[in-house]
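Structure, as structure tokens:
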Amino acid sequence: MLNTRHLPVATATSDPRDDRPGERGSVVMSMLVLMVIGLLVASMFTYSQASARGSMRLEVQRSVTDGLDAAMANAMSRIELGENASFTGSGSIDQVQFTYTATRTATLAWTVEASATRTTTATGTIERAASASVTGTYRGSSPYALFTKTALSITNNNFALSEPIGSNGAISVSGNASSLAFHTFVPSGSCTGCTNATSQSPTWPTTEPATPSNTRSCPLAVLTDEYGRQSNVYGFLGTLDGKNGQPYRCTFRTDNPYFGHYPAIIYQTINIINPPLVIHIDSKVTLWFLRANVNTGGDPRNFTVQAVGGPTSGSGFEYGRFWDDGTKLTGVINAPSREVRVDTGIDVTGRMMVGSLTFSANSLKVTADSRVVDATIDWTSSSWHAVAP
């Protein structure tokens, strides 16, 4: 019988070489997962920072563009308010600083150059620049209270004229008239003695008035001069019926022993019923305002005198001239080829277009009335494009 009391007893021990592969793989996988998660978090953090910087830069760029728009708006506002010489300006909006320069290139043309900048810690300084052309057009067809086709001469300081004053021809002024705002038109327009004249093109239209239809004959009268001589004339005075615009037409007649023809003379006080009163003067018929007081204080649309052609010589008297002797009227004078000589003063409220005007004595007054003169300019910008800052 085997005695087991002296046999060794087997016990469990830990073998360091025991790899237990399943358990160790789980640990490695866990560590790899943690590393990947860490990398993803770091990547997302980096992307978030880059995205924030990109958004910030985009926001700053947009605000700088808004600054350029603000610069243009400021410049346009000043142009619309009547700036007549080149100017500069600056300002700020939403942390954007902007500057602009507006250069007048013609009477109705400007170039505006603007720049805008903004500086932040995240983006540094961002700057943009742009340029645009600005052009103007008169809203109405008659922006001038006084316009001459060929010449304008003012050598007396006793005047009051609504500006601007225009001419397709040569302007010559002296004294206080030097500072008036004149518009001259190429190719023949010029201004001698002017300090505030601008040139533009094309030539301003000075179309001869068309002969109207459905006319009536001008009223006949006998004029007695200071020497007792009598002459046949077309005479306008007293209360006249406009017949709602049916024009009078004064045609050329030579059966007159003194003037050589029948001049159209507008004299004394004229009151108008059934307006407007329209008087059309044919070529070679002299137009003479003789101490007239016409439609004073009324609507300038209620009285119009239009004359065709310019002066020609005949029978010892120059036909087709435009004379004035102390007249005050409210209305429209459209005589783009007539030479006007102001002897003892003229006062026009409304609009006056003539061939030429010479003023050297007494007074000259032409006042614009918005009912017949629209000097409003509509300004538009174009060619707005980026340039190097």
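The chains in the structure tokens are called A, B, ... from first to last as shown; in each chain the residues are counted from 1, and the ligands are counted from 1 in the order shown.
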
Report as a PDB file with N, CA, C and O atoms, in the first residue's frame all protein, DNA and RNA residues lying within 8 Å of region 291-304 of chain A, evaluated on only C-alpha atoms, omitting residues in the same chain fewer than 3 positions from it.
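Contents of around_33.pdb, as written:
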ATOM      1  N   ILE A 266     -45.102 144.907 -78.083  1.00  0.00           N
ATOM      2  CA  ILE A 266     -45.801 144.513 -76.868  1.00  0.00           C
ATOM      3  C   ILE A 266     -45.557 145.623 -75.857  1.00  0.00           C
ATOM      4  O   ILE A 266     -44.410 145.885 -75.485  1.00  0.00           O
ATOM      5  N   TYR A 267     -46.631 146.330 -75.459  1.00  0.00           N
ATOM      6  CA  TYR A 267     -46.403 147.505 -74.633  1.00  0.00           C
ATOM      7  C   TYR A 267     -47.523 147.706 -73.626  1.00  0.00           C
ATOM      8  O   TYR A 267     -48.600 147.115 -73.713  1.00  0.00           O
ATOM      9  N   GLN A 268     -47.178 148.548 -72.642  1.00  0.00           N
ATOM     10  CA  GLN A 268     -48.070 148.870 -71.533  1.00  0.00           C
ATOM     11  C   GLN A 268     -48.446 147.592 -70.760  1.00  0.00           C
ATOM     12  O   GLN A 268     -47.782 146.571 -70.849  1.00  0.00           O
ATOM     13  N   THR A 269     -49.523 147.673 -69.997  1.00  0.00           N
ATOM     14  CA  THR A 269     -49.917 146.543 -69.158  1.00  0.00           C
ATOM     15  C   THR A 269     -50.794 145.581 -69.946  1.00  0.00           C
ATOM     16  O   THR A 269     -51.744 146.001 -70.613  1.00  0.00           O
ATOM     17  N   ILE A 270     -50.453 144.290 -69.848  1.00  0.00           N
ATOM     18  CA  ILE A 270     -51.223 143.262 -70.536  1.00  0.00           C
ATOM     19  C   ILE A 270     -51.759 142.277 -69.514  1.00  0.00           C
ATOM     20  O   ILE A 270     -50.996 141.704 -68.722  1.00  0.00           O
ATOM     21  N   ASN A 271     -53.062 142.097 -69.551  1.00  0.00           N
ATOM     22  CA  ASN A 271     -53.720 141.081 -68.731  1.00  0.00           C
ATOM     23  C   ASN A 271     -54.240 139.987 -69.654  1.00  0.00           C
ATOM     24  O   ASN A 271     -54.691 140.262 -70.768  1.00  0.00           O
ATOM     25  N   ILE A 272     -54.182 138.768 -69.172  1.00  0.00           N
ATOM     26  CA  ILE A 272     -54.524 137.622 -70.013  1.00  0.00           C
ATOM     27  C   ILE A 272     -55.765 136.931 -69.463  1.00  0.00           C
ATOM     28  O   ILE A 272     -55.833 136.604 -68.269  1.00  0.00           O
ATOM     29  N   PRO A 275     -56.041 131.817 -70.668  1.00  0.00           N
ATOM     30  CA  PRO A 275     -54.644 131.506 -71.016  1.00  0.00           C
ATOM     31  C   PRO A 275     -54.502 130.061 -71.516  1.00  0.00           C
ATOM     32  O   PRO A 275     -55.431 129.262 -71.364  1.00  0.00           O
ATOM     33  N   PRO A 276     -53.326 129.768 -72.118  1.00  0.00           N
ATOM     34  CA  PRO A 276     -52.165 130.644 -72.269  1.00  0.00           C
ATOM     35  C   PRO A 276     -52.266 131.548 -73.498  1.00  0.00           C
ATOM     36  O   PRO A 276     -52.982 131.232 -74.446  1.00  0.00           O
ATOM     37  N   LEU A 277     -51.532 132.657 -73.455  1.00  0.00           N
ATOM     38  CA  LEU A 277     -51.404 133.562 -74.586  1.00  0.00           C
ATOM     39  C   LEU A 277     -50.089 133.241 -75.290  1.00  0.00           C
ATOM     40  O   LEU A 277     -49.017 133.310 -74.690  1.00  0.00           O
ATOM     41  N   VAL A 278     -50.180 132.866 -76.580  1.00  0.00           N
ATOM     42  CA  VAL A 278     -49.003 132.495 -77.362  1.00  0.00           C
ATOM     43  C   VAL A 278     -48.892 133.450 -78.548  1.00  0.00           C
ATOM     44  O   VAL A 278     -49.857 133.617 -79.315  1.00  0.00           O
ATOM     45  N   ILE A 279     -47.722 134.059 -78.725  1.00  0.00           N
ATOM     46  CA  ILE A 279     -47.470 134.975 -79.844  1.00  0.00           C
ATOM     47  C   ILE A 279     -46.299 134.413 -80.647  1.00  0.00           C
ATOM     48  O   ILE A 279     -45.196 134.237 -80.113  1.00  0.00           O
ATOM     49  N   ASP A 324     -35.708 145.838 -76.329  1.00  0.00           N
ATOM     50  CA  ASP A 324     -36.415 145.948 -75.056  1.00  0.00           C
ATOM     51  C   ASP A 324     -36.193 147.329 -74.486  1.00  0.00           C
ATOM     52  O   ASP A 324     -35.092 147.884 -74.560  1.00  0.00           O
ATOM     53  N   ASP A 325     -37.262 147.854 -73.920  1.00  0.00           N
ATOM     54  CA  ASP A 325     -37.186 149.186 -73.321  1.00  0.00           C
ATOM     55  C   ASP A 325     -38.012 149.186 -72.039  1.00  0.00           C
ATOM     56  O   ASP A 325     -39.189 149.524 -72.034  1.00  0.00           O
ATOM     57  N   GLY A 326     -37.377 148.746 -70.939  1.00  0.00           N
ATOM     58  CA  GLY A 326     -38.011 148.817 -69.638  1.00  0.00           C
ATOM     59  C   GLY A 326     -39.193 147.889 -69.464  1.00  0.00           C
ATOM     60  O   GLY A 326     -40.299 148.331 -69.154  1.00  0.00           O
ATOM     61  N   THR A 327     -38.991 146.573 -69.635  1.00  0.00           N
ATOM     62  CA  THR A 327     -40.087 145.607 -69.596  1.00  0.00           C
ATOM     63  C   THR A 327     -39.995 144.709 -68.370  1.00  0.00           C
ATOM     64  O   THR A 327     -38.909 144.329 -67.935  1.00  0.00           O
ATOM     65  N   LYS A 328     -41.169 144.347 -67.861  1.00  0.00           N
ATOM     66  CA  LYS A 328     -41.266 143.367 -66.798  1.00  0.00           C
ATOM     67  C   LYS A 328     -42.322 142.351 -67.209  1.00  0.00           C
ATOM     68  O   LYS A 328     -43.461 142.713 -67.508  1.00  0.00           O
ATOM     69  N   LEU A 329     -41.935 141.074 -67.238  1.00  0.00           N
ATOM     70  CA  LEU A 329     -42.895 140.060 -67.670  1.00  0.00           C
ATOM     71  C   LEU A 329     -42.652 138.751 -66.937  1.00  0.00           C
ATOM     72  O   LEU A 329     -41.542 138.457 -66.485  1.00  0.00           O
ATOM     73  N   THR A 330     -43.730 137.971 -66.868  1.00  0.00           N
ATOM     74  CA  THR A 330     -43.650 136.610 -66.346  1.00  0.00           C
ATOM     75  C   THR A 330     -44.080 135.687 -67.464  1.00  0.00           C
ATOM     76  O   THR A 330     -45.227 135.753 -67.918  1.00  0.00           O
ATOM     77  N   GLY A 331     -43.143 134.870 -67.925  1.00  0.00           N
ATOM     78  CA  GLY A 331     -43.467 134.002 -69.049  1.00  0.00           C
ATOM     79  C   GLY A 331     -42.232 133.392 -69.669  1.00  0.00           C
ATOM     80  O   GLY A 331     -41.168 133.301 -69.042  1.00  0.00           O
ATOM     81  N   VAL A 332     -42.364 132.993 -70.920  1.00  0.00           N
ATOM     82  CA  VAL A 332     -41.291 132.316 -71.648  1.00  0.00           C
ATOM     83  C   VAL A 332     -41.006 133.078 -72.930  1.00  0.00           C
ATOM     84  O   VAL A 332     -41.931 133.391 -73.694  1.00  0.00           O
ATOM     85  N   ILE A 333     -39.735 133.385 -73.156  1.00  0.00           N
ATOM     86  CA  ILE A 333     -39.284 133.979 -74.412  1.00  0.00           C
ATOM     87  C   ILE A 333     -38.408 132.951 -75.110  1.00  0.00           C
ATOM     88  O   ILE A 333     -37.378 132.530 -74.572  1.00  0.00           O
ATOM     89  N   ASN A 334     -38.802 132.541 -76.310  1.00  0.00           N
ATOM     90  CA  ASN A 334     -38.051 131.538 -77.069  1.00  0.00           C
ATOM     91  C   ASN A 334     -37.734 132.129 -78.435  1.00  0.00           C
ATOM     92  O   ASN A 334     -38.536 132.058 -79.374  1.00  0.00           O
ATOM     93  N   THR A 349     -39.357 136.805 -65.312  1.00  0.00           N
ATOM     94  CA  THR A 349     -39.523 135.678 -64.401  1.00  0.00           C
ATOM     95  C   THR A 349     -40.044 134.518 -65.228  1.00  0.00           C
ATOM     96  O   THR A 349     -41.137 134.601 -65.789  1.00  0.00           O
ATOM     97  N   GLY A 350     -39.253 133.474 -65.313  1.00  0.00           N
ATOM     98  CA  GLY A 350     -39.625 132.340 -66.162  1.00  0.00           C
ATOM     99  C   GLY A 350     -38.415 131.792 -66.875  1.00  0.00           C
ATOM    100  O   GLY A 350     -37.486 131.284 -66.254  1.00  0.00           O
ATOM    101  N   ASP A 369     -38.275 130.159 -62.836  1.00  0.00           N
ATOM    102  CA  ASP A 369     -39.503 129.705 -62.202  1.00  0.00           C
ATOM    103  C   ASP A 369     -39.604 128.214 -62.470  1.00  0.00           C
ATOM    104  O   ASP A 369     -39.546 127.779 -63.623  1.00  0.00           O
ATOM    105  N   ARG A 371     -41.837 126.207 -62.708  1.00  0.00           N
ATOM    106  CA  ARG A 371     -42.911 125.734 -63.568  1.00  0.00           C
ATOM    107  C   ARG A 371     -42.497 125.684 -65.035  1.00  0.00           C
ATOM    108  O   ARG A 371     -43.116 124.984 -65.851  1.00  0.00           O
ATOM    109  N   VAL A 372     -41.431 126.420 -65.387  1.00  0.00           N
ATOM    110  CA  VAL A 372     -40.935 126.378 -66.775  1.00  0.00           C
ATOM    111  C   VAL A 372     -39.436 126.101 -66.845  1.00  0.00           C
ATOM    112  O   VAL A 372     -38.880 125.938 -67.929  1.00  0.00           O
TER     113      VAL A 372
END

Determine, counting only C-alpha atoms, which protein, DNA and RNA residues have an atom within 6 Å of an atom of region 335-344 of chain A; residues of the same chain fewer than 2 positions away are not included. Present the result as a VMD selection string.
chain A and resid 206 306 to 307 309 to 310 321 to 326 353 to 359 362

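Using only C-alpha atoms, the contacts of region 98-109 of chain A at a cut-off of 8 Å, with sequence neighbours closer than 3 positions omitted, comprise Gly67, Leu68, Ala71, Met72, Ala75, Asn84, Ala85, Ser86, Phe87, Thr88, Gly89, Ser90, Gly91, Ser92, Val112, Glu113, Ala114, Ser115, Ala116, Thr117, Ser133, Val134, Thr135, Gly136, Thr137, His183, Thr198, Ser199 and Gln200 of chain A.
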
Which residue is closest to Phe252 (chain A)? Choose from A:Ser162, A:Ser179, A:Thr286, A:Thr123 and count only C-alpha atoms.
A:Thr286

Could you please write out, as a ChimeraX atom specification, every residue of region 33-200 of chain A that DSSP assigns to strand (DSSP E or B)?
/A:87-93,96-106,109-120,124-138,146-154,159-161,165-167,170-173,182-185,190-192,197-200

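With distances restricted to only C-alpha atoms, A:Lys243 is the closest residue to Asn274 (chain A) from A:Arg128, A:Arg351, A:Lys243, A:Lys365.
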
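The space between CA of Ile79 (chain A) and CA of Thr380 (chain A) spans 10.5 Å.
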
Could you pull the residues within 12 Å of Thr376 (chain A), counting only C-alpha atoms, minus those fewer than 5 positions along the same chain, as a PDB file with N, CA and C atoms, in the first residue's frame?
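Printed below is out_19.pdb as written:
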ATOM      1  N   GLU A  80     -25.099 115.533 -55.479  1.00  0.00           N
ATOM      2  CA  GLU A  80     -26.512 115.858 -55.650  1.00  0.00           C
ATOM      3  C   GLU A  80     -26.893 117.161 -54.962  1.00  0.00           C
ATOM      4  N   LEU A  81     -26.165 117.525 -53.909  1.00  0.00           N
ATOM      5  CA  LEU A  81     -26.445 118.770 -53.191  1.00  0.00           C
ATOM      6  C   LEU A  81     -25.835 119.990 -53.869  1.00  0.00           C
ATOM      7  N   GLY A  82     -25.103 119.752 -54.983  1.00  0.00           N
ATOM      8  CA  GLY A  82     -24.654 120.890 -55.777  1.00  0.00           C
ATOM      9  C   GLY A  82     -23.180 121.211 -55.742  1.00  0.00           C
ATOM     10  N   LEU A 108     -21.430 117.749 -66.149  1.00  0.00           N
ATOM     11  CA  LEU A 108     -22.318 116.696 -65.670  1.00  0.00           C
ATOM     12  C   LEU A 108     -21.594 115.358 -65.576  1.00  0.00           C
ATOM     13  N   GLY A 136     -24.622 112.912 -64.907  1.00  0.00           N
ATOM     14  CA  GLY A 136     -25.878 113.569 -64.602  1.00  0.00           C
ATOM     15  C   GLY A 136     -26.651 113.914 -65.861  1.00  0.00           C
ATOM     16  N   THR A 137     -27.942 113.915 -65.755  1.00  0.00           N
ATOM     17  CA  THR A 137     -28.822 114.360 -66.833  1.00  0.00           C
ATOM     18  C   THR A 137     -29.869 115.286 -66.237  1.00  0.00           C
ATOM     19  N   TYR A 138     -30.154 116.349 -66.968  1.00  0.00           N
ATOM     20  CA  TYR A 138     -31.192 117.259 -66.507  1.00  0.00           C
ATOM     21  C   TYR A 138     -32.542 116.574 -66.602  1.00  0.00           C
ATOM     22  N   ARG A 139     -33.308 116.676 -65.537  1.00  0.00           N
ATOM     23  CA  ARG A 139     -34.620 116.045 -65.502  1.00  0.00           C
ATOM     24  C   ARG A 139     -35.573 116.700 -66.486  1.00  0.00           C
ATOM     25  N   GLY A 140     -35.480 118.021 -66.630  1.00  0.00           N
ATOM     26  CA  GLY A 140     -36.342 118.747 -67.552  1.00  0.00           C
ATOM     27  C   GLY A 140     -35.600 119.104 -68.826  1.00  0.00           C
ATOM     28  N   SER A 141     -36.361 119.508 -69.836  1.00  0.00           N
ATOM     29  CA  SER A 141     -35.750 119.884 -71.113  1.00  0.00           C
ATOM     30  C   SER A 141     -35.267 121.325 -71.116  1.00  0.00           C
ATOM     31  N   SER A 142     -35.580 122.092 -70.073  1.00  0.00           N
ATOM     32  CA  SER A 142     -35.221 123.511 -70.020  1.00  0.00           C
ATOM     33  C   SER A 142     -34.624 123.855 -68.668  1.00  0.00           C
ATOM     34  N   PRO A 143     -33.343 123.560 -68.468  1.00  0.00           N
ATOM     35  CA  PRO A 143     -32.735 123.803 -67.159  1.00  0.00           C
ATOM     36  C   PRO A 143     -32.185 125.217 -66.964  1.00  0.00           C
ATOM     37  N   TYR A 144     -32.230 126.055 -68.029  1.00  0.00           N
ATOM     38  CA  TYR A 144     -31.615 127.377 -67.940  1.00  0.00           C
ATOM     39  C   TYR A 144     -32.683 128.470 -67.968  1.00  0.00           C
ATOM     40  N   PRO A 164     -27.562 128.074 -63.126  1.00  0.00           N
ATOM     41  CA  PRO A 164     -26.505 128.442 -64.054  1.00  0.00           C
ATOM     42  C   PRO A 164     -27.050 129.171 -65.277  1.00  0.00           C
ATOM     43  N   SER A 370     -39.751 127.429 -61.403  1.00  0.00           N
ATOM     44  CA  SER A 370     -39.701 125.974 -61.533  1.00  0.00           C
ATOM     45  C   SER A 370     -40.814 125.414 -62.407  1.00  0.00           C
TER      46      SER A 370
END

What is the distance between CA of Val348 (chain A) and CA of Phe147 (chain A), in Å to one decimal?
12.8 Å

Residue contacts of Leu161 (chain A) (8 Å, only C-alpha atoms) excluding same-chain residues fewer than 3 positions away, as a tab-separated table (two decimals) with N, CA, C and O atoms, in the first residue's frame:
chain	number	residue	atom	x	y	z
A	146	LEU	N	-31.72	131.56	-68.40
A	146	LEU	CA	-31.15	132.40	-69.46
A	146	LEU	C	-30.16	131.59	-70.26
A	146	LEU	O	-29.21	131.03	-69.72
A	165	ILE	N	-26.15	129.83	-65.99
A	165	ILE	CA	-26.46	130.54	-67.22
A	165	ILE	C	-25.71	129.83	-68.34
A	165	ILE	O	-24.52	129.52	-68.19
A	364	LEU	N	-30.66	144.21	-65.54
A	364	LEU	CA	-30.99	142.95	-66.18
A	364	LEU	C	-31.34	141.96	-65.09
A	364	LEU	O	-30.53	141.70	-64.20
A	365	LYS	N	-32.55	141.41	-65.16
A	365	LYS	CA	-32.98	140.46	-64.15
A	365	LYS	C	-33.71	139.31	-64.84
A	365	LYS	O	-34.67	139.52	-65.56
A	366	VAL	N	-33.22	138.11	-64.61
A	366	VAL	CA	-33.87	136.91	-65.13
A	366	VAL	C	-33.96	135.92	-63.98
A	366	VAL	O	-32.93	135.47	-63.45
A	367	THR	N	-35.19	135.60	-63.58
A	367	THR	CA	-35.42	134.74	-62.43
A	367	THR	C	-36.08	133.45	-62.88
A	367	THR	O	-37.12	133.47	-63.54

Shell of 12 Å around Gly175 (chain A), only C-alpha atoms, local chain residues under 2 positions omitted, as a ChimeraX atom specification:
/A:153-159,172-173,177-180,192-195,360

Tell me, which residues of region 235-326 of chain A carry DSSP helix (DSSP H, G or I), written as a ChimeraX atom specification?
/A:243-245,300-302

Suppose we keep all heavy atoms; can you now write the selection as a short mmCIF file (atom, residue, chain, number, x, y, z; two decimals), in the first residue's frame?
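New file again34.cif:
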data_model
loop_
_atom_site.label_atom_id
_atom_site.label_comp_id
_atom_site.auth_asym_id
_atom_site.auth_seq_id
_atom_site.Cartn_x
_atom_site.Cartn_y
_atom_site.Cartn_z
N LYS A 243 -57.41 132.54 -75.73
CA LYS A 243 -58.19 131.51 -76.43
C LYS A 243 -57.59 130.13 -76.21
O LYS A 243 -57.46 129.34 -77.14
CB LYS A 243 -58.33 131.83 -77.91
CG LYS A 243 -59.23 133.04 -78.17
CD LYS A 243 -59.62 133.16 -79.63
CE LYS A 243 -60.64 134.29 -79.81
NZ LYS A 243 -61.10 134.43 -81.21
N ASN A 244 -57.21 129.91 -74.97
CA ASN A 244 -56.70 128.60 -74.54
C ASN A 244 -55.52 128.11 -75.38
O ASN A 244 -55.37 126.92 -75.64
CB ASN A 244 -57.82 127.57 -74.58
CG ASN A 244 -58.98 127.95 -73.68
OD1 ASN A 244 -58.78 128.24 -72.50
ND2 ASN A 244 -60.19 127.97 -74.22
N GLY A 245 -54.68 129.06 -75.79
CA GLY A 245 -53.45 128.69 -76.47
C GLY A 245 -53.47 128.81 -77.98
O GLY A 245 -52.47 128.45 -78.62
N PRO A 300 -46.00 131.58 -65.33
CA PRO A 300 -45.20 131.80 -66.55
C PRO A 300 -45.65 130.93 -67.72
O PRO A 300 -45.33 131.24 -68.88
CB PRO A 300 -43.77 131.46 -66.11
CG PRO A 300 -43.94 130.58 -64.92
CD PRO A 300 -45.18 131.05 -64.22
N ARG A 301 -46.38 129.88 -67.45
CA ARG A 301 -46.88 129.04 -68.54
C ARG A 301 -48.01 129.70 -69.31
O ARG A 301 -48.41 129.23 -70.38
CB ARG A 301 -47.34 127.69 -67.98
CG ARG A 301 -46.22 126.85 -67.39
CD ARG A 301 -46.74 125.64 -66.63
NE ARG A 301 -47.52 126.04 -65.45
CZ ARG A 301 -47.99 125.19 -64.55
NH1 ARG A 301 -47.77 123.90 -64.69
NH2 ARG A 301 -48.67 125.62 -63.51
N ASN A 302 -48.49 130.82 -68.78
CA ASN A 302 -49.62 131.51 -69.40
C ASN A 302 -49.22 132.51 -70.47
O ASN A 302 -50.10 133.10 -71.11
CB ASN A 302 -50.47 132.21 -68.34
CG ASN A 302 -51.25 131.24 -67.49
OD1 ASN A 302 -51.43 130.08 -67.85
ND2 ASN A 302 -51.71 131.70 -66.33
#

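You will find CA of Tyr262 (chain A) at 15.9 Å from CA of Leu237 (chain A).
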
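Using only C-alpha atoms, the nearest neighbour of Asp69 (chain A) within the list A:Ser381, A:Asn256, A:Ser217, A:Thr111 is A:Ser381.
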